[in-house]
Structure formats: C-alpha cells, structure tokens
file my_file.cif (mmCIF, C-alpha atoms)
data_start
loop_
_atom_site.label_atom_id
_atom_site.label_comp_id
_atom_site.auth_asym_id
_atom_site.auth_seq_id
_atom_site.Cartn_x
_atom_site.Cartn_y
_atom_site.Cartn_z
CA MET A 1 9.68 -5.09 -20.86
CA ILE A 2 11.97 -2.12 -21.01
CA ILE A 3 12.69 -0.20 -17.82
CA HIS A 4 13.09 3.31 -19.17
CA ALA A 5 13.53 5.12 -15.90
CA ASN A 6 16.87 6.46 -14.90
CA VAL A 7 17.57 4.59 -11.69
CA LEU A 8 20.22 7.09 -10.59
CA ASN A 9 17.72 9.96 -10.71
CA TYR A 10 15.37 8.03 -8.44
CA LEU A 11 18.23 7.41 -6.03
CA ILE A 12 19.13 11.12 -6.04
CA ALA A 13 15.53 12.14 -5.29
CA LEU A 14 15.36 9.48 -2.57
CA ALA A 15 18.69 10.37 -0.94
CA VAL A 16 18.14 14.14 -1.02
CA ALA A 17 14.63 13.77 0.46
CA ILE A 18 15.85 11.49 3.28
CA ILE A 19 18.91 13.61 4.13
CA LEU A 20 16.95 16.88 4.11
CA ALA A 21 14.11 15.30 6.11
CA LEU A 22 16.63 14.20 8.75
CA ALA A 23 18.15 17.71 8.71
CA LEU A 24 14.65 19.10 9.30
CA ARG A 25 14.49 16.90 12.43
CA LEU A 26 12.05 14.33 11.10
CA PRO A 27 12.76 10.91 12.68
CA LEU A 28 14.34 8.24 10.46
CA LEU A 29 11.56 5.72 11.15
CA PRO A 30 8.02 5.98 12.57
CA ASP A 31 7.37 5.13 16.23
CA LYS A 32 6.84 1.50 17.17
CA PRO A 33 4.61 -0.37 16.54
CA MET A 34 5.13 1.14 13.11
CA ARG A 35 1.92 -0.20 11.60
CA ASP A 36 -0.12 1.96 13.99
CA SER A 37 2.13 5.03 13.94
CA TRP A 38 1.05 8.34 12.42
CA THR A 39 4.51 9.87 12.75
CA VAL A 40 5.83 11.44 9.55
CA SER A 41 9.40 10.14 9.17
CA ALA A 42 12.24 10.29 6.65
CA ILE A 43 11.66 6.74 5.36
CA PHE A 44 7.87 6.69 5.45
CA PRO A 45 6.27 8.56 3.82
CA THR A 46 9.00 11.00 2.69
CA ALA A 47 11.06 8.46 0.70
CA VAL A 48 7.96 6.92 -0.91
CA LEU A 49 6.63 10.36 -1.84
CA ALA A 50 10.01 11.39 -3.30
CA ILE A 51 10.19 8.52 -5.80
CA GLY A 52 6.48 8.88 -6.58
CA PHE A 53 6.78 12.61 -7.22
CA TYR A 54 9.86 12.04 -9.38
CA ALA A 55 7.91 9.43 -11.38
CA MET A 56 5.15 12.03 -11.92
CA ALA A 57 7.70 14.64 -13.07
CA TYR A 58 9.35 12.05 -15.31
CA GLU A 59 6.07 11.22 -17.01
CA LEU A 60 5.32 14.92 -17.47
CA GLY A 61 8.61 15.27 -19.34
CA TYR A 62 10.81 16.77 -16.63
CA GLN A 63 13.86 14.56 -16.21
CA GLY A 64 17.45 14.69 -15.07
CA TYR A 65 19.64 15.11 -12.01
CA ILE A 66 18.56 18.67 -11.33
CA VAL A 67 14.87 17.73 -11.43
CA ALA A 68 15.55 14.81 -9.06
CA LEU A 69 17.42 17.14 -6.70
CA ILE A 70 14.60 19.70 -6.71
CA ILE A 71 11.96 16.98 -6.23
CA GLY A 72 13.92 15.63 -3.26
CA ILE A 73 14.09 19.08 -1.64
CA ILE A 74 10.42 19.86 -2.30
CA THR A 75 9.32 16.46 -0.96
CA ALA A 76 11.22 16.87 2.32
CA LEU A 77 9.80 20.39 2.81
CA PHE A 78 6.33 19.10 1.90
CA ALA A 79 6.58 16.22 4.40
CA LYS A 80 7.80 18.50 7.17
CA PHE A 81 5.52 21.53 6.75
CA ILE A 82 2.49 20.74 4.58
CA LEU A 83 1.61 17.03 4.75
CA GLU A 84 0.01 17.06 8.21
CA LYS A 85 -2.03 20.14 7.33
CA LEU A 86 -3.16 18.73 4.00
CA VAL A 87 -4.10 15.26 5.28
CA PRO A 88 -4.25 15.51 9.08
CA ARG A 89 -4.37 12.51 11.36
CA PRO A 90 -7.86 11.73 12.70
CA GLU A 91 -8.75 14.03 15.59
CA THR A 92 -10.32 11.42 17.82
CA GLU A 93 -8.86 7.97 17.84
CA GLU A 94 -11.36 5.50 19.24
CA SER A 95 -10.11 3.01 21.76
CA HIS A 96 -11.23 -0.51 21.01
CA GLU A 97 -9.54 -2.16 23.98
CA MET B 1 2.83 -17.71 -21.82
CA ASN B 2 -0.72 -18.98 -22.20
CA GLU B 3 -3.12 -16.21 -21.23
CA ILE B 4 -5.36 -18.30 -18.96
CA VAL B 5 -2.41 -19.87 -17.12
CA GLY B 6 -0.86 -16.42 -16.74
CA ILE B 7 -4.04 -14.95 -15.28
CA VAL B 8 -4.46 -17.83 -12.81
CA LEU B 9 -0.83 -17.55 -11.65
CA ALA B 10 -1.11 -13.74 -11.43
CA ALA B 11 -4.28 -14.15 -9.34
CA ILE B 12 -2.43 -16.44 -6.92
CA ILE B 13 0.55 -14.07 -6.69
CA SER B 14 -1.75 -11.05 -6.20
CA TRP B 15 -3.77 -12.89 -3.54
CA LEU B 16 -0.63 -13.76 -1.57
CA ASN B 17 0.75 -10.24 -2.02
CA PHE B 18 -2.24 -8.41 -0.62
CA VAL B 19 -3.40 -10.91 2.01
CA LEU B 20 0.06 -11.38 3.54
CA ILE B 21 0.85 -7.64 3.57
CA ASP B 22 -2.57 -6.67 4.94
CA THR B 23 -2.36 -9.31 7.67
CA TRP B 24 1.22 -8.33 8.53
CA MET B 25 0.13 -4.69 8.79
CA GLY B 26 -2.52 -5.67 11.32
CA LEU B 27 -5.81 -5.37 9.44
CA PRO B 28 -7.37 -8.28 11.36
CA GLU B 29 -6.36 -6.78 14.72
CA SER B 30 -8.85 -3.95 14.92
CA PRO B 31 -11.29 -2.01 12.75
CA GLY B 32 -9.79 1.29 11.57
CA VAL B 33 -13.16 3.02 11.29
CA LYS B 34 -16.73 2.40 12.45
CA GLY B 35 -17.80 0.88 9.13
CA ALA B 36 -15.12 -1.81 9.34
CA GLU B 37 -16.34 -2.75 12.82
CA VAL B 38 -19.94 -3.04 11.58
CA ILE B 39 -18.83 -5.36 8.75
CA GLY B 40 -16.65 -7.45 11.10
CA ARG B 41 -19.46 -7.92 13.63
CA SER B 42 -21.94 -8.73 10.87
CA VAL B 43 -19.64 -11.39 9.42
CA LYS B 44 -19.18 -12.89 12.90
CA LYS B 45 -22.95 -12.92 13.47
CA ARG B 46 -23.36 -14.96 10.28
CA GLY B 47 -20.91 -17.61 11.50
CA GLY B 48 -17.66 -16.08 10.33
CA ASP B 49 -14.48 -15.11 12.13
CA LEU B 50 -14.24 -11.70 13.83
CA ALA B 51 -10.59 -11.03 12.84
CA GLY B 52 -11.32 -12.09 9.27
CA GLY B 53 -14.39 -9.83 9.33
CA PHE B 54 -12.31 -6.89 10.50
CA PHE B 55 -9.88 -7.62 7.65
CA GLN B 56 -12.76 -7.60 5.15
CA GLY B 57 -14.22 -4.44 6.71
CA ASN B 58 -10.90 -2.64 6.68
CA ILE B 59 -10.23 -3.32 2.99
CA VAL B 60 -13.71 -2.05 2.14
CA CYS B 61 -13.28 1.13 4.17
CA SER B 62 -9.80 2.27 3.11
CA PRO B 63 -7.39 1.54 0.27
CA ASP B 64 -5.11 -1.11 1.78
CA ALA B 65 -2.76 -3.53 0.03
CA SER B 66 -5.66 -4.87 -2.06
CA ALA B 67 -6.32 -1.45 -3.58
CA GLY B 68 -2.58 -0.80 -3.78
CA THR B 69 -2.06 -4.01 -5.75
CA LEU B 70 -4.91 -3.30 -8.14
CA LEU B 71 -4.12 0.39 -8.67
CA ALA B 72 -0.40 -0.26 -9.17
CA SER B 73 -1.22 -2.95 -11.76
CA ILE B 74 -3.56 -0.59 -13.60
CA ALA B 75 -1.07 2.29 -13.40
CA CYS B 76 1.80 0.09 -14.65
CA TYR B 77 -0.43 -0.92 -17.58
CA ALA B 78 -1.48 2.66 -18.34
CA ILE B 79 1.75 4.54 -17.64
CA GLY B 80 4.56 1.99 -17.60
CA THR B 81 6.77 0.10 -15.17
CA PRO B 82 7.93 1.27 -12.68
CA GLU B 83 6.61 4.86 -12.96
CA GLY B 84 2.97 3.76 -12.82
CA GLY B 85 3.50 1.73 -9.66
CA LEU B 86 5.41 4.53 -7.94
CA ILE B 87 2.74 7.09 -8.83
CA ALA B 88 0.03 4.66 -7.64
CA ALA B 89 1.86 4.30 -4.30
CA VAL B 90 1.70 8.08 -3.76
CA LEU B 91 -1.98 8.25 -4.72
CA VAL B 92 -2.82 5.28 -2.48
CA TYR B 93 -0.95 6.95 0.39
CA PHE B 94 -3.06 10.12 0.10
CA GLY B 95 -6.20 7.97 -0.25
CA ASN B 96 -5.26 6.16 2.93
CA ARG B 97 -4.69 9.35 4.89
CA LEU B 98 -8.08 10.64 3.76
CA CYS B 99 -9.64 7.40 5.10
CA ALA B 100 -8.14 7.71 8.63
CA ASP B 101 -5.45 5.13 7.88
CA PRO B 102 -1.70 5.77 8.29
CA GLY B 103 -1.07 4.19 4.88
CA TYR B 104 1.57 1.50 5.39
CA ALA B 105 -0.38 -1.43 3.93
CA GLY B 106 -1.53 0.37 0.77
CA THR B 107 1.85 1.82 -0.19
CA THR B 108 3.69 -1.41 0.65
CA GLY B 109 1.24 -3.38 -1.50
CA ALA B 110 1.61 -0.97 -4.42
CA LEU B 111 5.42 -0.99 -4.26
CA SER B 112 5.70 -4.77 -3.82
CA ILE B 113 3.42 -5.57 -6.78
CA THR B 114 5.44 -3.10 -8.90
CA VAL B 115 8.58 -5.10 -8.09
CA ILE B 116 6.71 -8.36 -8.77
CA ILE B 117 5.37 -7.07 -12.12
CA PHE B 118 8.89 -6.04 -13.12
CA LEU B 119 10.46 -9.38 -12.13
CA THR B 120 7.73 -11.59 -13.62
CA SER B 121 7.86 -9.65 -16.91
CA PHE B 122 11.11 -11.54 -17.59
CA ILE B 123 9.26 -14.89 -17.58
CA GLY B 124 6.46 -13.74 -19.86
CA PHE B 125 3.84 -12.25 -17.52
CA LYS B 126 2.00 -9.25 -18.96
CA VAL B 127 0.81 -6.42 -16.72
CA GLU B 128 -2.80 -7.01 -17.73
CA TYR B 129 -2.65 -10.51 -16.20
CA PHE B 130 -2.19 -8.85 -12.82
CA ILE B 131 -5.16 -6.52 -13.31
CA VAL B 132 -7.49 -9.45 -14.04
CA GLY B 133 -5.73 -11.61 -11.45
CA MET B 134 -6.22 -9.04 -8.72
CA VAL B 135 -9.91 -8.65 -9.55
CA LEU B 136 -10.27 -12.44 -9.20
CA ALA B 137 -8.21 -12.44 -5.99
CA ILE B 138 -10.38 -9.79 -4.35
CA LEU B 139 -13.49 -11.67 -5.54
CA THR B 140 -12.43 -14.69 -3.47
CA ILE B 141 -12.27 -12.52 -0.33
CA GLN B 142 -15.22 -10.17 -0.83
CA GLY B 143 -17.48 -11.66 -3.47
CA LEU B 144 -18.06 -15.38 -3.08
CA TYR B 145 -18.54 -16.50 0.53
CA HIS B 146 -17.87 -13.96 3.27
CA THR B 147 -17.99 -16.30 6.26
CA GLY B 148 -15.71 -18.95 4.73
CA ALA B 149 -13.21 -16.32 3.57
CA SER B 150 -13.25 -14.68 7.01
CA ARG B 151 -12.44 -18.01 8.71
CA LEU B 152 -9.47 -18.52 6.38
CA LEU B 153 -8.25 -14.96 7.03
CA GLY B 154 -8.71 -15.50 10.77
CA LYS B 155 -6.55 -18.65 10.70
CA LEU B 156 -3.87 -16.79 8.76
CA ALA B 157 -4.00 -13.90 11.26
CA LYS B 158 -3.52 -16.36 14.15
CA LYS B 159 -0.48 -17.90 12.41
CA MET B 160 1.04 -14.48 11.80
CA GLY B 161 0.34 -13.25 15.35
CA ARG B 162 -2.14 -10.60 14.22
CA TYR B 163 -5.39 -12.05 15.60
CA THR B 164 -7.75 -9.54 17.18
CA LYS B 165 -7.92 -9.20 20.97
CA LEU B 166 -11.46 -7.83 20.73
CA THR B 167 -14.51 -9.96 21.36
#

call {"tool": "encode", "arguments": {"input": "my_file.cif", "output": "structure tokens"}}
result
Amino acid sequence: MIIHANVLNYLIALAVAIILALALRLPLLPDKPMRDSWTVSAIFPTAVLAIGFYAMAYELGYQGYIVALIIGIITALFAKFILEKLVPRPETEESHE
Amino acid sequence: MNEIVGIVLAAIISWLNFVLIDTWMGLPESPGVKGAEVIGRSVKKRGGDLAGGFFQGNIVCSPDASAGTLLASIACYAIGTPEGGLIAAVLVYFGNRLCADPGYAGTTGALSITVIIFLTSFIGFKVEYFIVGMVLAILTIQGLYHTGASRLLGKLAKKMGRYTKLT
C-alpha cells in the first residue's frame, strides 16, 4: 500500500493547531479523569480535528504547507469559539451514583 | 494472504482493538444515556453481567470504538490510508458529541485501527478484511448471545479496573 499523504503537512497542521490553541488559553489536556471530561483542549479534540480537516482538504485537492498552516489556524479558532456552540455538552448530566 | 485466514485474523485484531479501547475508556462503568441503562438492566435481568450490559448498551447508543473501527476501515477502503481513517475520526467525534458522549473512545478506535491497517498492509492484509472482520467482531458482542458476551465483557472490565459501581 502506498502512503500518499505528505507527513510534514500533517505535522504542520497539528503543530499550528496545538500552538494556537494553547495561545488561545485552551488547556493542553482535558481534566482528569480524562475519559469523562468534556473540556475542549489542545490535544483532544483540536489536534485530532486538525489532521482530520487536513485529510479532508487533501482529498478535495487542496494540498501544501500553506493549506496545512491555514487548516491549523482555522481548527484552533473553531475549537475555541465554535465547537461548543455547534455540538454543546449535554445540559443535564444525570448522576448514577 | 489467504482471504479467509486474513478475515479471521482481522476479526480478532478488530475485536481486541474495540473491546480493549472501549473498556479502557470506561464503557462498562456507567451508562452514558438512558437507553444504555435500559439495555444493561435488561441484560442483567436475563442472567448477564451489569457492566457488560452497560458496555453493550453504550455501543448501541453512541458511536464508540466499535463504530470508530468499522467506519475507519470503510473510509480507508473508500478514500485511502491514512486520509480515510483521519476523516472517519473527525466524523465519529462529531457523532459522539451529538450522542451526549465526549468522544474519546470513538476517535481513539478510529485512529488506532488506521495505524493497524497501515502496519498490517505490509504483511498482506487488505483493508476489506478489516471491514468484514469488524462486522464479525461486533456480531460476537451484539448478535449471538447477549448474556454470555456480557459476562465476558464484565470479567474483562474487572481485570482492567473499569467494573461498574452501580447495582
């Protein structure tokens, strides 16, 4: 199987998204215990979204360092300002204890 | 590689991938939504294990590592590796958030199977083996014998320290 993605472009999108997310005061990691945390952080989901969005752009024919850079910036802004409005956390969390 | 052998091995790999990630992410600990609780209690009433029932309920009610594994396999087949898997991870994440789930299990499952598909491609595994394999893997949990599967999942949850505290 041939890996035809440019690994460096993914790394650029990833790094730019994480750095900008941290600059926008998102925490590096979610609160502990992480598996129950709804906190939007630089690693999750910002980093995952950045490489996913770059993969979408790549498949649509937009490739290169500049595209990766722009995707990284857009992803960080999206995670900080839009994500929680688009897919909000559940309003009432039931206690099962 | 022989197709049948490949599918059987892919089913085992997929099963381990999604069951271990889902258990690690705490699916047996508590039901994420009401529907998962109903399924868990129903499985227990029929002689199954409550934690295993919650696991089964949770993977029905939101796209966890099982859905992540299947969707990433399909996307890798349709779009290519690794782009398909990465796109699937994003879609699974949004699916999770829509289902009142923070999304760790689904995205982790999608990303891990993408890595596995890439690595196993060097020893002759085709992506389609993982699509069929994952369907078979999920059949063993949800389609054959609920109570038996829930007991196995419950034992695994105990070993991994993720057994439910609910009664």

call {"tool": "closest_residue", "arguments": {"input": "my_file.cif", "among": "A:Ala76, A:Asn9, A:Arg35, A:Ile18", "to": "Tyr54 in chain A", "atoms": "all atoms listed in the file"}}
result
A:Asn9

call {"tool": "interface_residues", "arguments": {"input": "my_file.cif", "of": "chain B", "to": "chain A", "cutoff": "9 Å", "atoms": "all atoms listed in the file", "output": "PyMOL selection string"}}
result
chain B and resi 24-26+30-33+79-91+93-94+97-105+107+111+118+121-122+126+165-166

call {"tool": "atom_distance", "arguments": {"input": "my_file.cif", "atom1": "CA of Leu152 in chain B", "atom2": "CA of Tyr129 in chain B"}}
result
24.9 Å

call {"tool": "atom_distance", "arguments": {"input": "my_file.cif", "atom1": "CA of Thr140 in chain B", "atom2": "CA of Glu128 in chain B"}}
result
18.8 Å

call {"tool": "closest_residue", "arguments": {"input": "my_file.cif", "among": "A:Gln63, A:Ile43, A:Ile12, A:Ile71", "to": "Pro27 in chain A", "atoms": "all atoms listed in the file"}}
result
A:Ile43

call {"tool": "atom_distance", "arguments": {"input": "my_file.cif", "atom1": "CA of Gly68 in chain B", "atom2": "CA of Leu22 in chain A"}}
result
27.4 Å

call {"tool": "closest_residue", "arguments": {"input": "my_file.cif", "among": "A:Leu11, A:Leu60, A:Leu69, A:Leu26", "to": "Thr46 in chain A", "atoms": "all atoms listed in the file"}}
result
A:Leu26

call {"tool": "closest_residue", "arguments": {"input": "my_file.cif", "among": "A:Ile82, A:Ala47, A:Ile74, A:Ile66", "to": "Leu14 in chain A", "atoms": "all atoms listed in the file"}}
result
A:Ala47

call {"tool": "resolve_selection", "arguments": {"input": "my_file.cif", "expression": "the PyMOL selection byres ((chain B and resi 155) around 12)", "output": "count of residues only"}}
result
25

call {"tool": "closest_residue", "arguments": {"input": "my_file.cif", "among": "B:Phe54, B:Ile123, B:Cys76, B:Leu9", "to": "Arg41 in chain B", "atoms": "all atoms listed in the file"}}
result
B:Phe54

call {"tool": "build_atoms", "arguments": {"input": "my_file.cif", "residues": "range 81-117 of chain B", "atoms": "N, CA and C atoms", "output": "compact mmCIF listing (two decimals), in the frame of the given file"}}
result
# COMPACT_ATOMS: atom_id res chain seq x y z
N THR B 81 6.10 0.60 -16.37
CA THR B 81 6.77 0.10 -15.17
C THR B 81 8.16 0.72 -15.10
N PRO B 82 8.59 1.27 -13.98
CA PRO B 82 7.93 1.27 -12.68
C PRO B 82 7.17 2.57 -12.36
N GLU B 83 7.20 3.55 -13.31
CA GLU B 83 6.61 4.86 -12.96
C GLU B 83 5.16 4.73 -12.48
N GLY B 84 4.37 3.91 -13.19
CA GLY B 84 2.97 3.76 -12.82
C GLY B 84 2.81 3.29 -11.39
N GLY B 85 3.59 2.28 -11.01
CA GLY B 85 3.50 1.73 -9.66
C GLY B 85 3.90 2.75 -8.60
N LEU B 86 4.93 3.53 -8.90
CA LEU B 86 5.41 4.53 -7.94
C LEU B 86 4.38 5.66 -7.78
N ILE B 87 3.78 6.06 -8.89
CA ILE B 87 2.74 7.09 -8.83
C ILE B 87 1.52 6.54 -8.07
N ALA B 88 1.17 5.28 -8.34
CA ALA B 88 0.03 4.66 -7.64
C ALA B 88 0.29 4.63 -6.13
N ALA B 89 1.54 4.35 -5.73
CA ALA B 89 1.86 4.30 -4.30
C ALA B 89 1.58 5.65 -3.63
N VAL B 90 1.95 6.74 -4.32
CA VAL B 90 1.70 8.08 -3.76
C VAL B 90 0.19 8.34 -3.66
N LEU B 91 -0.53 8.01 -4.72
CA LEU B 91 -1.98 8.25 -4.72
C LEU B 91 -2.68 7.41 -3.65
N VAL B 92 -2.24 6.15 -3.50
CA VAL B 92 -2.82 5.28 -2.48
C VAL B 92 -2.52 5.84 -1.09
N TYR B 93 -1.30 6.37 -0.91
CA TYR B 93 -0.95 6.95 0.39
C TYR B 93 -1.91 8.09 0.76
N PHE B 94 -2.14 9.00 -0.19
CA PHE B 94 -3.06 10.12 0.10
C PHE B 94 -4.50 9.60 0.32
N GLY B 95 -4.88 8.59 -0.45
CA GLY B 95 -6.20 7.97 -0.25
C GLY B 95 -6.34 7.38 1.14
N ASN B 96 -5.27 6.73 1.58
CA ASN B 96 -5.26 6.16 2.93
C ASN B 96 -5.43 7.23 3.99
N ARG B 97 -4.64 8.28 3.87
CA ARG B 97 -4.69 9.35 4.89
C ARG B 97 -6.08 9.99 4.93
N LEU B 98 -6.73 10.09 3.78
CA LEU B 98 -8.08 10.64 3.76
C LEU B 98 -9.08 9.70 4.43
N CYS B 99 -8.74 8.40 4.50
CA CYS B 99 -9.64 7.40 5.10
C CYS B 99 -9.23 7.04 6.51
N ALA B 100 -8.53 7.94 7.23
CA ALA B 100 -8.14 7.71 8.63
C ALA B 100 -7.28 6.47 8.78
N ASP B 101 -6.33 6.30 7.88
CA ASP B 101 -5.45 5.13 7.88
C ASP B 101 -4.03 5.66 7.66
N PRO B 102 -3.05 5.21 8.47
CA PRO B 102 -1.70 5.77 8.29
C PRO B 102 -1.04 5.43 6.96
N GLY B 103 -1.49 4.38 6.27
CA GLY B 103 -1.07 4.19 4.88
C GLY B 103 0.05 3.20 4.61
N TYR B 104 0.45 2.43 5.61
CA TYR B 104 1.57 1.50 5.39
C TYR B 104 1.19 0.35 4.46
N ALA B 105 0.02 -0.26 4.70
CA ALA B 105 -0.38 -1.43 3.93
C ALA B 105 -0.54 -1.09 2.44
N GLY B 106 -1.26 0.00 2.16
CA GLY B 106 -1.53 0.37 0.77
C GLY B 106 -0.27 0.65 -0.03
N THR B 107 0.62 1.47 0.54
CA THR B 107 1.85 1.82 -0.19
C THR B 107 2.77 0.61 -0.33
N THR B 108 2.85 -0.21 0.74
CA THR B 108 3.69 -1.41 0.65
C THR B 108 3.17 -2.35 -0.44
N GLY B 109 1.85 -2.52 -0.48
CA GLY B 109 1.24 -3.38 -1.50
C GLY B 109 1.52 -2.87 -2.91
N ALA B 110 1.38 -1.55 -3.10
CA ALA B 110 1.61 -0.97 -4.42
C ALA B 110 3.08 -1.13 -4.85
N LEU B 111 3.99 -0.88 -3.91
CA LEU B 111 5.42 -0.99 -4.26
C LEU B 111 5.83 -2.45 -4.49
N SER B 112 5.29 -3.36 -3.66
CA SER B 112 5.70 -4.77 -3.82
C SER B 112 5.18 -5.35 -5.13
N ILE B 113 3.93 -5.00 -5.52
CA ILE B 113 3.42 -5.57 -6.78
C ILE B 113 4.16 -4.95 -7.97
N THR B 114 4.64 -3.71 -7.82
CA THR B 114 5.44 -3.10 -8.90
C THR B 114 6.73 -3.90 -9.11
N VAL B 115 7.36 -4.28 -8.00
CA VAL B 115 8.58 -5.10 -8.09
C VAL B 115 8.23 -6.46 -8.71
N ILE B 116 7.12 -7.05 -8.26
CA ILE B 116 6.71 -8.36 -8.77
C ILE B 116 6.41 -8.29 -10.27
N ILE B 117 5.70 -7.23 -10.69
CA ILE B 117 5.37 -7.07 -12.12
C ILE B 117 6.66 -6.96 -12.94
